[in-house]
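Student: The file below is data.pdb, PDB, C-alpha atoms and all ligand atoms:
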```pdb
ATOM      1  CA  MET Q   6     -18.940 -26.887  -4.097
ATOM      2  CA  GLU Q   7     -20.152 -25.863  -7.524
ATOM      3  CA  THR Q   8     -20.965 -22.367  -6.286
ATOM      4  CA  ILE Q   9     -17.522 -21.913  -4.787
ATOM      5  CA  THR Q  10     -15.822 -22.968  -8.000
ATOM      6  CA  LYS Q  11     -18.010 -20.651 -10.038
ATOM      7  CA  THR Q  12     -17.344 -17.673  -7.739
ATOM      8  CA  PHE Q  13     -13.622 -18.274  -7.910
ATOM      9  CA  THR Q  14     -13.635 -18.567 -11.675
ATOM     10  CA  ASN Q  15     -15.493 -15.280 -12.022
ATOM     11  CA  ALA Q  16     -13.252 -13.369  -9.625
ATOM     12  CA  PRO Q  17     -11.574 -10.356 -11.221
ATOM     13  CA  THR Q  18      -7.947 -10.841 -12.152
ATOM     14  CA  LEU Q  19      -5.222  -8.949 -10.334
ATOM     15  CA  VAL Q  20      -4.835  -6.771 -13.432
ATOM     16  CA  GLU Q  21      -8.499  -5.835 -13.082
ATOM     17  CA  ARG Q  22      -8.128  -5.293  -9.340
ATOM     18  CA  ALA Q  23      -5.196  -2.935  -9.852
ATOM     19  CA  HIS Q  24      -7.142  -1.070 -12.531
ATOM     20  CA  ASN Q  25     -10.163  -0.725 -10.260
ATOM     21  CA  ILE Q  26      -8.006   0.551  -7.389
ATOM     22  CA  ARG Q  27      -6.553   3.232  -9.678
ATOM     23  CA  ARG Q  28     -10.023   4.157 -10.899
ATOM     24  CA  ASN Q  29     -11.392   4.406  -7.349
ATOM     25  CA  ALA Q  30      -8.485   6.662  -6.358
ATOM     26  CA  LEU Q  31      -8.995   8.948  -9.356
ATOM     27  CA  ARG Q  32     -12.714   9.205  -8.609
ATOM     28  CA  MET Q  33     -11.930  10.252  -5.036
ATOM     29  CA  GLY Q  34      -9.410  12.765  -6.265
ATOM     30  CA  GLU Q  35     -12.049  14.260  -8.515
ATOM     31  CA  VAL Q  36     -14.515  14.515  -5.618
ATOM     32  CA  GLN Q  37     -12.114  16.614  -3.577
ATOM     33  CA  GLY Q  38     -10.141  18.190  -6.423
ATOM     34  CA  GLN Q  39      -6.920  16.999  -4.856
ATOM     35  CA  GLY Q  40      -5.142  14.062  -3.281
ATOM     36  CA  TYR Q  41      -1.805  12.278  -3.369
ATOM     37  CA  ILE Q  42      -2.849  10.720  -6.629
ATOM     38  CA  ALA Q  43       0.602  10.158  -8.154
ATOM     39  CA  GLN Q  44       1.511   7.979  -5.169
ATOM     40  CA  ALA Q  45      -1.868   6.198  -5.254
ATOM     41  CA  LEU Q  46      -1.297   5.292  -8.890
ATOM     42  CA  ASP Q  47       2.258   4.088  -8.241
ATOM     43  CA  ILE Q  48       1.261   1.758  -5.381
ATOM     44  CA  SER Q  49      -1.955   0.278  -6.812
ATOM     45  CA  ASP Q  50      -0.267  -2.863  -8.125
ATOM     46  CA  VAL Q  51       1.254  -3.591  -4.715
ATOM     47  CA  LEU Q  52      -2.116  -3.045  -3.031
ATOM     48  CA  ALA Q  53      -3.845  -5.329  -5.535
ATOM     49  CA  VAL Q  54      -1.427  -8.148  -4.740
ATOM     50  CA  ALA Q  55      -1.609  -7.505  -0.990
ATOM     51  CA  TYR Q  56      -5.408  -7.485  -0.815
ATOM     52  CA  PHE Q  57      -6.281  -9.984  -3.538
ATOM     53  CA  HIS Q  58      -3.422 -12.458  -3.433
ATOM     54  CA  ALA Q  59      -1.433 -12.334  -0.218
ATOM     55  CA  MET Q  60      -3.540 -11.298   2.742
ATOM     56  CA  ARG Q  61      -6.074 -13.115   4.874
ATOM     57  CA  TYR Q  62      -9.088 -11.092   6.034
ATOM     58  CA  ARG Q  63     -12.870 -11.047   6.147
ATOM     59  CA  PRO Q  64     -14.394  -8.081   4.313
ATOM     60  CA  GLU Q  65     -17.591  -8.307   6.344
ATOM     61  CA  ASP Q  66     -15.656  -8.396   9.635
ATOM     62  CA  PRO Q  67     -12.674  -6.008   9.377
ATOM     63  CA  THR Q  68     -11.693  -6.507  13.028
ATOM     64  CA  TRP Q  69     -11.684 -10.310  12.865
ATOM     65  CA  GLU Q  70      -8.945 -11.384  15.279
ATOM     66  CA  GLY Q  71      -7.335 -13.788  12.819
ATOM     67  CA  ARG Q  72      -6.882 -11.175  10.092
ATOM     68  CA  ASP Q  73      -3.570 -10.111   8.645
ATOM     69  CA  ARG Q  74      -2.980  -6.490   9.638
ATOM     70  CA  PHE Q  75      -2.102  -3.853   7.038
ATOM     71  CA  LEU Q  76      -0.421  -0.782   8.476
ATOM     72  CA  LEU Q  77      -0.303   2.370   6.375
ATOM     73  CA  SER Q  78       2.721   4.162   7.747
ATOM     74  CA  ASN Q  79       2.583   6.818   5.033
ATOM     75  CA  GLY Q  80      -0.804   8.186   6.048
ATOM     76  CA  HIS Q  81      -0.993  10.538   3.078
ATOM     77  CA  TYR Q  82      -1.412   7.419   0.895
ATOM     78  CA  ALA Q  83      -4.860   6.981   2.464
ATOM     79  CA  ILE Q  84      -6.578   7.672  -0.861
ATOM     80  CA  ALA Q  85      -4.827   4.588  -2.239
ATOM     81  CA  LEU Q  86      -5.730   2.375   0.687
ATOM     82  CA  TYR Q  87      -9.375   3.532   0.612
ATOM     83  CA  ALA Q  88      -9.410   2.638  -3.071
ATOM     84  CA  ALA Q  89      -8.241  -0.876  -2.199
ATOM     85  CA  LEU Q  90     -10.607  -1.210   0.776
ATOM     86  CA  ILE Q  91     -13.515  -0.240  -1.501
ATOM     87  CA  GLU Q  92     -12.423  -2.806  -4.075
ATOM     88  CA  ALA Q  93     -12.147  -5.385  -1.270
ATOM     89  CA  GLY Q  94     -15.697  -4.665  -0.112
ATOM     90  CA  ILE Q  95     -14.596  -3.424   3.312
ATOM     91  CA  ILE Q  96     -15.842   0.108   2.546
ATOM     92  CA  PRO Q  97     -18.996   0.605   0.419
ATOM     93  CA  GLU Q  98     -18.288   2.133  -2.979
ATOM     94  CA  THR Q  99     -20.898   4.842  -2.335
ATOM     95  CA  GLU Q 100     -18.664   6.340   0.371
ATOM     96  CA  LEU Q 101     -16.153   7.263  -2.301
ATOM     97  CA  GLU Q 102     -18.241  10.404  -2.855
ATOM     98  CA  THR Q 103     -17.519  11.571   0.715
ATOM     99  CA  TYR Q 104     -13.728  11.542   0.413
ATOM    100  CA  GLY Q 105     -12.122  14.354   2.379
ATOM    101  CA  PHE Q 106     -15.349  15.982   3.587
ATOM    102  CA  ASP Q 107     -16.215  16.701   7.214
ATOM    103  CA  GLU Q 108     -17.916  13.724   8.902
ATOM    104  CA  SER Q 109     -16.618  11.351   6.227
ATOM    105  CA  ARG Q 110     -15.043   8.054   7.259
ATOM    106  CA  LEU Q 111     -12.444   8.752   4.568
ATOM    107  CA  PRO Q 112     -10.319  11.680   5.785
ATOM    108  CA  MET Q 113      -7.396  12.813   3.662
ATOM    109  CA  SER Q 114      -4.851  11.210   6.004
ATOM    110  CA  GLY Q 115      -5.332   7.732   7.427
ATOM    111  CA  MET Q 116      -7.127   7.663  10.808
ATOM    112  CA  ALA Q 117      -7.627   4.326  12.538
ATOM    113  CA  SER Q 118     -10.644   5.450  14.539
ATOM    114  CA  TYR Q 119     -12.483   6.675  11.416
ATOM    115  CA  THR Q 120     -12.139   3.956   8.834
ATOM    116  CA  PRO Q 121     -12.834   0.212   8.745
ATOM    117  CA  GLY Q 122      -9.646  -1.572   7.700
ATOM    118  CA  MET Q 123      -7.361   1.303   8.702
ATOM    119  CA  GLU Q 124      -5.171  -0.192  11.429
ATOM    120  CA  MET Q 125      -3.149   2.875  12.445
ATOM    121  CA  SER Q 126      -3.359   6.641  12.264
ATOM    122  CA  GLY Q 127      -0.895   8.327   9.963
ATOM    123  CA  GLY Q 128       0.198  11.857   9.329
ATOM    124  CA  SER Q 129       3.370  11.766  11.389
ATOM    125  CA  LEU Q 130       5.709   9.683   9.277
ATOM    126  CA  GLY Q 131       8.158   6.977  10.300
ATOM    127  CA  LEU Q 132       5.955   5.192  12.829
ATOM    128  CA  GLY Q 133       4.426   2.242  11.000
ATOM    129  CA  LEU Q 134       7.302  -0.175  11.348
ATOM    130  CA  SER Q 135       7.606   0.492  15.089
ATOM    131  CA  ILE Q 136       3.908  -0.223  15.537
ATOM    132  CA  ALA Q 137       4.336  -3.340  13.398
ATOM    133  CA  VAL Q 138       7.090  -4.630  15.686
ATOM    134  CA  GLY Q 139       4.769  -4.293  18.669
ATOM    135  CA  MET Q 140       1.908  -5.948  16.835
ATOM    136  CA  GLY Q 141       4.163  -8.708  15.549
ATOM    137  CA  LEU Q 142       5.415  -9.477  19.050
ATOM    138  CA  GLY Q 143       1.895  -9.355  20.446
ATOM    139  CA  LEU Q 144       0.486 -11.703  17.821
ATOM    140  CA  LYS Q 145       3.287 -14.188  18.451
ATOM    141  CA  ARG Q 146       2.644 -14.144  22.192
ATOM    142  CA  LYS Q 147      -1.012 -14.841  21.522
ATOM    143  CA  GLY Q 148      -0.057 -17.778  19.320
ATOM    144  CA  SER Q 149      -1.651 -16.125  16.288
ATOM    145  CA  SER Q 150      -0.543 -17.026  12.777
ATOM    146  CA  ALA Q 151      -1.648 -13.616  11.455
ATOM    147  CA  ARG Q 152       0.901 -11.477   9.659
ATOM    148  CA  VAL Q 153       1.578  -7.761   9.906
ATOM    149  CA  TYR Q 154       2.042  -5.999   6.576
ATOM    150  CA  THR Q 155       3.400  -2.454   6.633
ATOM    151  CA  LEU Q 156       3.564  -0.029   3.738
ATOM    152  CA  PHE Q 157       5.942   2.888   4.081
ATOM    153  CA  SER Q 158       7.628   5.351   1.770
ATOM    154  CA  ASP Q 159      11.251   5.882   0.825
ATOM    155  CA  GLY Q 160      11.224   9.329   2.434
ATOM    156  CA  GLU Q 161      10.555   7.634   5.763
ATOM    157  CA  LEU Q 162      13.987   6.020   5.524
ATOM    158  CA  ASP Q 163      15.274   9.389   6.796
ATOM    159  CA  GLU Q 164      13.655   8.712  10.169
ATOM    160  CA  GLY Q 165      15.707   7.178  12.964
ATOM    161  CA  SER Q 166      12.639   5.381  14.320
ATOM    162  CA  VAL Q 167      12.424   3.400  11.083
ATOM    163  CA  TRP Q 168      15.919   1.988  11.520
ATOM    164  CA  GLU Q 169      15.283   1.287  15.188
ATOM    165  CA  ALA Q 170      12.242  -0.741  14.155
ATOM    166  CA  ILE Q 171      14.221  -2.524  11.424
ATOM    167  CA  GLN Q 172      16.873  -3.466  13.983
ATOM    168  CA  SER Q 173      14.246  -4.529  16.557
ATOM    169  CA  ALA Q 174      12.396  -6.709  14.056
ATOM    170  CA  GLY Q 175      15.645  -8.426  13.118
ATOM    171  CA  HIS Q 176      16.550  -8.947  16.761
ATOM    172  CA  HIS Q 177      13.167 -10.458  17.594
ATOM    173  CA  LYS Q 178      13.188 -12.535  14.389
ATOM    174  CA  LEU Q 179       9.707 -11.323  13.509
ATOM    175  CA  ASP Q 180       8.942 -13.653  10.635
ATOM    176  CA  ASN Q 181       5.305 -12.527  10.827
ATOM    177  CA  MET Q 182       6.293  -9.079   9.533
ATOM    178  CA  ILE Q 183       6.220  -8.262   5.834
ATOM    179  CA  ALA Q 184       7.081  -4.651   5.017
ATOM    180  CA  ILE Q 185       6.859  -2.922   1.670
ATOM    181  CA  VAL Q 186       8.806   0.264   0.984
ATOM    182  CA  ASP Q 187       7.586   2.350  -1.937
ATOM    183  CA  VAL Q 188      10.710   3.602  -3.653
ATOM    184  CA  ASN Q 189       9.326   6.264  -5.991
ATOM    185  CA  ASN Q 190      12.355   8.453  -5.318
ATOM    186  CA  GLN Q 191      10.200  11.383  -4.253
ATOM    187  CA  GLN Q 192       9.399  12.993  -0.923
ATOM    188  CA  ALA Q 193       8.195  16.397   0.231
ATOM    189  CA  ASP Q 194      11.637  18.012  -0.027
ATOM    190  CA  GLY Q 195      12.626  16.520  -3.390
ATOM    191  CA  PRO Q 196      14.074  13.315  -4.837
ATOM    192  CA  SER Q 197      14.497  10.938  -1.890
ATOM    193  CA  THR Q 198      17.970   9.780  -2.866
ATOM    194  CA  GLN Q 199      19.103  13.422  -2.894
ATOM    195  CA  VAL Q 200      17.420  14.436   0.361
ATOM    196  CA  MET Q 201      19.206  11.624   2.203
ATOM    197  CA  ALA Q 202      20.991   8.826   0.393
ATOM    198  CA  PHE Q 203      19.676   5.407   1.396
ATOM    199  CA  GLU Q 204      21.348   3.076  -1.082
ATOM    200  CA  PRO Q 205      22.474   0.339  -1.126
ATOM    201  CA  LEU Q 206      19.131  -0.344   0.498
ATOM    202  CA  VAL Q 207      18.970  -4.102  -0.045
ATOM    203  CA  ASP Q 208      22.428  -4.634   1.464
ATOM    204  CA  LYS Q 209      21.561  -2.473   4.459
ATOM    205  CA  LEU Q 210      18.336  -4.352   5.164
ATOM    206  CA  LYS Q 211      20.063  -7.709   4.832
ATOM    207  CA  ALA Q 212      22.687  -6.548   7.311
ATOM    208  CA  PHE Q 213      19.869  -5.997   9.803
ATOM    209  CA  GLY Q 214      18.806  -9.619   9.395
ATOM    210  CA  TRP Q 215      15.906  -9.217   6.965
ATOM    211  CA  PHE Q 216      14.834 -11.285   3.972
ATOM    212  CA  VAL Q 217      14.780  -8.784   1.107
ATOM    213  CA  ARG Q 218      13.358  -8.911  -2.402
ATOM    214  CA  ARG Q 219      13.612  -5.889  -4.710
ATOM    215  CA  VAL Q 220      11.187  -5.655  -7.626
ATOM    216  CA  ASP Q 221       9.625  -3.364 -10.172
ATOM    217  CA  GLY Q 222       6.574  -2.453  -8.104
ATOM    218  CA  ASN Q 223       4.495  -1.913 -11.232
ATOM    219  CA  ASP Q 224       5.199  -5.386 -12.660
ATOM    220  CA  LEU Q 225       2.325  -7.433 -11.263
ATOM    221  CA  ASP Q 226       3.980 -10.806 -11.858
ATOM    222  CA  ALA Q 227       7.142  -9.631 -10.133
ATOM    223  CA  VAL Q 228       5.159  -8.250  -7.198
ATOM    224  CA  ILE Q 229       3.237 -11.525  -6.851
ATOM    225  CA  ALA Q 230       6.499 -13.463  -6.858
ATOM    226  CA  ALA Q 231       7.951 -11.133  -4.219
ATOM    227  CA  PHE Q 232       4.988 -11.560  -1.870
ATOM    228  CA  ASP Q 233       5.053 -15.331  -2.398
ATOM    229  CA  ALA Q 234       8.773 -15.484  -1.678
ATOM    230  CA  ALA Q 235       8.394 -13.282   1.408
ATOM    231  CA  LYS Q 236       5.667 -15.528   2.799
ATOM    232  CA  ALA Q 237       7.528 -18.741   1.952
ATOM    233  CA  ASP Q 238      10.943 -17.778   3.335
ATOM    234  CA  PRO Q 239      11.728 -20.596   5.789
ATOM    235  CA  ASP Q 240      14.096 -18.579   7.979
ATOM    236  CA  PRO Q 241      12.975 -16.875  11.198
ATOM    237  CA  ARG Q 242      13.420 -13.283  10.087
ATOM    238  CA  PRO Q 243      11.314 -10.308   9.014
ATOM    239  CA  ARG Q 244      10.710  -9.767   5.316
ATOM    240  CA  MET Q 245      10.987  -6.634   3.196
ATOM    241  CA  ILE Q 246       9.812  -5.985  -0.344
ATOM    242  CA  VAL Q 247      11.584  -3.025  -1.915
ATOM    243  CA  ALA Q 248       9.192  -1.841  -4.625
ATOM    244  CA  ASP Q 249      10.559   0.551  -7.237
ATOM    245  CA  THR Q 250       7.543   2.404  -8.578
ATOM    246  CA  LEU Q 251       6.598   5.057 -11.113
ATOM    247  CA  MET Q 252       4.545   7.980  -9.819
ATOM    248  CA  GLY Q 253       1.348   8.444 -11.811
ATOM    249  CA  LYS Q 254       1.543   4.900 -13.212
ATOM    250  CA  GLY Q 255      -1.293   4.102 -15.599
ATOM    251  CA  VAL Q 256      -2.062   7.697 -16.586
ATOM    252  CA  PRO Q 257       0.603   8.716 -19.117
ATOM    253  CA  PHE Q 258       0.210  12.491 -18.750
ATOM    254  CA  LEU Q 259       0.618  12.173 -14.981
ATOM    255  CA  GLU Q 260       3.592   9.810 -15.358
ATOM    256  CA  GLN Q 261       5.258  12.537 -17.411
ATOM    257  CA  ARG Q 262       4.305  15.465 -15.212
ATOM    258  CA  GLU Q 263       7.132  17.158 -13.378
ATOM    259  CA  LYS Q 264       7.793  15.134 -10.260
ATOM    260  CA  ASN Q 265       6.473  16.688  -7.091
ATOM    261  CA  HIS Q 266       5.406  15.219  -3.772
ATOM    262  CA  PHE Q 267       1.944  16.720  -4.265
ATOM    263  CA  ILE Q 268       1.102  17.069  -7.922
ATOM    264  CA  ARG Q 269      -1.562  19.518  -8.998
ATOM    265  CA  VAL Q 270      -4.369  18.135 -11.108
ATOM    266  CA  GLU Q 271      -6.686  20.701 -12.662
ATOM    267  CA  ALA Q 272     -10.450  20.228 -12.291
ATOM    268  CA  HIS Q 273     -10.922  19.214 -15.915
ATOM    269  CA  GLU Q 274      -8.019  16.755 -15.799
ATOM    270  CA  TRP Q 275      -9.628  14.160 -13.525
ATOM    271  CA  GLN Q 276     -11.971  12.994 -16.278
ATOM    272  CA  LEU Q 277      -9.073  13.051 -18.731
ATOM    273  CA  ALA Q 278      -7.086  10.914 -16.306
ATOM    274  CA  LEU Q 279      -9.936   8.425 -15.949
ATOM    275  CA  ALA Q 280     -10.238   8.254 -19.730
ATOM    276  CA  ALA Q 281      -6.484   7.750 -20.116
ATOM    277  CA  LEU Q 282      -6.543   5.006 -17.508
ATOM    278  CA  GLU Q 283      -9.390   3.279 -19.328
ATOM    279  CA  ALA Q 284      -7.632   3.642 -22.689
ATOM    280  CA  GLY Q 285      -4.551   1.905 -21.329
ATOM    281  CA  ARG Q 286      -6.507  -0.888 -19.726
ATOM    282  CA  GLN Q 287      -4.901  -4.271 -20.050
ATOM    283  CA  SER Q 288      -7.047  -7.292 -20.723
TER     284      SER Q 288
HETATM  285 MG    MG N   1       8.475   8.536  -1.790
END
```
Just give me the structure as structure tokens.
Ligand SMILES: [Mg+2]
Tutor:
Amino acid sequence: METITKTFTNAPTLVERAHNIRRNALRMGEVQGQGYIAQALDISDVLAVAYFHAMRYRPEDPTWEGRDRFLLSNGHYAIALYAALIEAGIIPETELETYGFDESRLPMSGMASYTPGMEMSGGSLGLGLSIAVGMGLGLKRKGSSARVYTLFSDGELDEGSVWEAIQSAGHHKLDNMIAIVDVNNQQADGPSTQVMAFEPLVDKLKAFGWFVRRVDGNDLDAVIAAFDAAKADPDPRPRMIVADTLMGKGVPFLEQREKNHFIRVEAHEWQLALAALEAGRQS
């Protein structure tokens, strides 16, 4: 008992977890000289809360049947999820050096068959929620209490399959589904709200029968409260966290860089970014 208490007391805080996820992502970006780093930095707080507050899993047994599933619908965010999986101890930290290389288990887009903890293959967008509906139904039929978490991006709201899945989840009252949409108002073709208007998003999701909580996705306390509320909602319905995020969060010169889906980071800037992240570290 004493050991358990001691381990718990020494566990890193969620602030530290989020910091470490950002640092892991920047280190991978430096290895390859590229990566969707602005998105990785914007979603690190959400991933910290998902992996170190909300979800149930066994790091040493990533396919444990009772685990909560985490689906990365936006496969180009793989660098962010790898960063979290490394922090969670599911992927060894040493593999960070292999990011994006041939034969690596960490390809630049999420591939389920390559990577422990990666539950679906990404690349084609708009599919995660549909897969989550199938998984959610399957888990219920097996009598499992596991949940299905799905991260997707605001640009995916342009896809018809996303709304079909939202309607299906509401119809089937999939209260084991918790989805998180990263509203960074950026996608490949420009600002998401200009490419295809999706507001009022909360009202639309509620109309489909979902529990919805909208938060500043870079406010850790707010994100924790949103996950807690989503898990605790007593009604038989799927749950959505709408997370408004800031691309490049934690590295001021990247936060201020002109917004692009794929921001360029010069070779010498990765170390500057790591230094800036460290300088802004919260205690
Ligand atoms: Mg986006």
Student: For range 215-227 of chain Q, work out the shell of residues within 6 Å, counting all atoms listed in the file and skipping chain neighbours fewer than 3 positions away, then give it as a PyMOL selection string.
Tutor: chain Q and resi 50+210-211+230+242-250
Student: For the atom pair CA of Thr103 in chain Q and CA of Gly38 in chain Q, what is the interatomic distance in Å to one decimal place?
Tutor: 12.2 Å
Student: Identify, counting all atoms listed in the file, the protein, DNA and RNA residues located within 7 Å of ligand MG 1 (chain N), and give them as a PyMOL selection string.
Tutor: chain Q and resi 158-160+187-192+197
Student: Residues of the last selection are to be written out with C-alpha atoms, as a PDB file, in the frame of the given file.
Tutor:
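Below you can see again_33.pdb, which holds the result:
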```pdb
ATOM      1  CA  SER Q 158       7.628   5.351   1.770  1.00  0.00           C
ATOM      2  CA  ASP Q 159      11.251   5.882   0.825  1.00  0.00           C
ATOM      3  CA  GLY Q 160      11.224   9.329   2.434  1.00  0.00           C
ATOM      4  CA  ASP Q 187       7.586   2.350  -1.937  1.00  0.00           C
ATOM      5  CA  VAL Q 188      10.710   3.602  -3.653  1.00  0.00           C
ATOM      6  CA  ASN Q 189       9.326   6.264  -5.991  1.00  0.00           C
ATOM      7  CA  ASN Q 190      12.355   8.453  -5.318  1.00  0.00           C
ATOM      8  CA  GLN Q 191      10.200  11.383  -4.253  1.00  0.00           C
ATOM      9  CA  GLN Q 192       9.399  12.993  -0.923  1.00  0.00           C
ATOM     10  CA  SER Q 197      14.497  10.938  -1.890  1.00  0.00           C
TER      11      SER Q 197
END
```
Student: Would you mind reading off the distance between CA of Leu156 in chain Q and CA of Glu108 in chain Q, one decimal, in Å?
Tutor: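 Computed distance, CA of Leu156 in chain Q to CA of Glu108 in chain Q, equals 26.0 Å.
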Student: Choose the residue, out of Q:Leu90, Q:Met60, Q:Ala137, Q:Leu162, that has the smallest atom-to-atom separation from Phe203 in chain Q; count only C-alpha atoms.
Tutor: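 For Phe203 in chain Q, the nearest of the candidates is Q:Leu162.
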Student: Between Q:Leu144, Q:Ala83, Q:Leu19, Q:Ala212, single out the one closest to Thr120 in chain Q, counting all atoms listed in the file.
Tutor: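 Counting all atoms listed in the file, the residue closest to Thr120 in chain Q is Q:Ala83.
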Student: Residues picked by the PyMOL selection byres (((chain Q and resi 36) around 9) and not hetatm) here, as a PyMOL selection string?
Tutor: chain Q and resi 31-35+37-39+101-105
Student: Suppose a student applies the PyMOL selection byres (((chain Q and resi 149) around 12) and not hetatm) to this structure; what residues should they get, written as a PyMOL selection string?
Tutor: chain Q and resi 70-74+140-148+150-153+181
Student: If I take CA of Val20 in chain Q and CA of Val256 in chain Q, how far is one from the other in Å, to one decimal?
Tutor: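 Going from CA of Val20 in chain Q over to CA of Val256 in chain Q, I get 15.1 Å.
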Student: So which residues touch Ala281 in chain Q within 12 Å, counting only C-alpha atoms, skipping near sequence neighbours fewer than 2 positions away, as an NGL selection string?
Tutor: :Q and (24 or 27-28 or 31 or 253-260 or 274-279 or 283-286)
Student: Kindly compute an axis-aligned box around the listed atoms of range 36-46 of chain Q, allowing 5 Å on each side, and express its centre and edge lengths in Å to one decimal as JSON.
Tutor:
```
{"center_x": -6.5, "center_y": 11.7, "center_z": -6.1, "size_x": 26.0, "size_y": 22.9, "size_z": 15.6}
```
Student: Looking at Q:Met113, Q:Ala234, Q:Leu134, Q:Ile84, which one is nearest to Ala45 in chain Q, with distances taken over only C-alpha atoms?
Tutor: Q:Ile84
Student: With only C-alpha atoms as the atoms that count, which of Q:Gly115, Q:Pro64, Q:Gly40, Q:Gly94 lies nearest to Leu76 in chain Q?
Tutor: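 Under the stated criterion, the closest residue is Q:Gly115.
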Student: Measuring atom to atom with only C-alpha atoms, identify which of Q:Glu204, Q:Glu98, Q:Glu161, Q:Asp107 is nearest to Ser129 in chain Q.
Tutor: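 Closest candidate: Q:Glu161.
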Student: On this file, the PyMOL selection byres (((chain Q and resi 176) around 10) and not hetatm) gives some set of residues; write that set as a compact mmCIF listing (two decimals) with C-alpha atoms, keeping the file's coordinate frame.
Tutor:
```txt
# COMPACT_ATOMS: atom_id res chain seq x y z
CA ALA Q 170 12.24 -0.74 14.16
CA ILE Q 171 14.22 -2.52 11.42
CA GLN Q 172 16.87 -3.47 13.98
CA SER Q 173 14.25 -4.53 16.56
CA ALA Q 174 12.40 -6.71 14.06
CA GLY Q 175 15.64 -8.43 13.12
CA HIS Q 177 13.17 -10.46 17.59
CA LYS Q 178 13.19 -12.54 14.39
CA LEU Q 179 9.71 -11.32 13.51
CA PHE Q 213 19.87 -6.00 9.80
CA GLY Q 214 18.81 -9.62 9.40
CA TRP Q 215 15.91 -9.22 6.96
CA ARG Q 242 13.42 -13.28 10.09
CA PRO Q 243 11.31 -10.31 9.01
```
Student: Go through Q:Ala193, Q:Ala237, Q:Leu52, Q:Phe75 one by one, measure the shortest atom-to-atom distance of each to Lys264 in chain Q using only C-alpha atoms, and give the residue with the smallest value.
Tutor: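 Using only C-alpha atoms, Lys264 in chain Q sits closest to Q:Ala193.
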Student: What would the list of residues within 10 Å of (-2.8, 4.2, -1.2) (file frame) look like as an NGL selection string, if all atoms listed in the file are what count?
Tutor: :Q and (26-27 or 30 or 41-49 or 51-52 or 77 or 79-90 or 115 or 156)
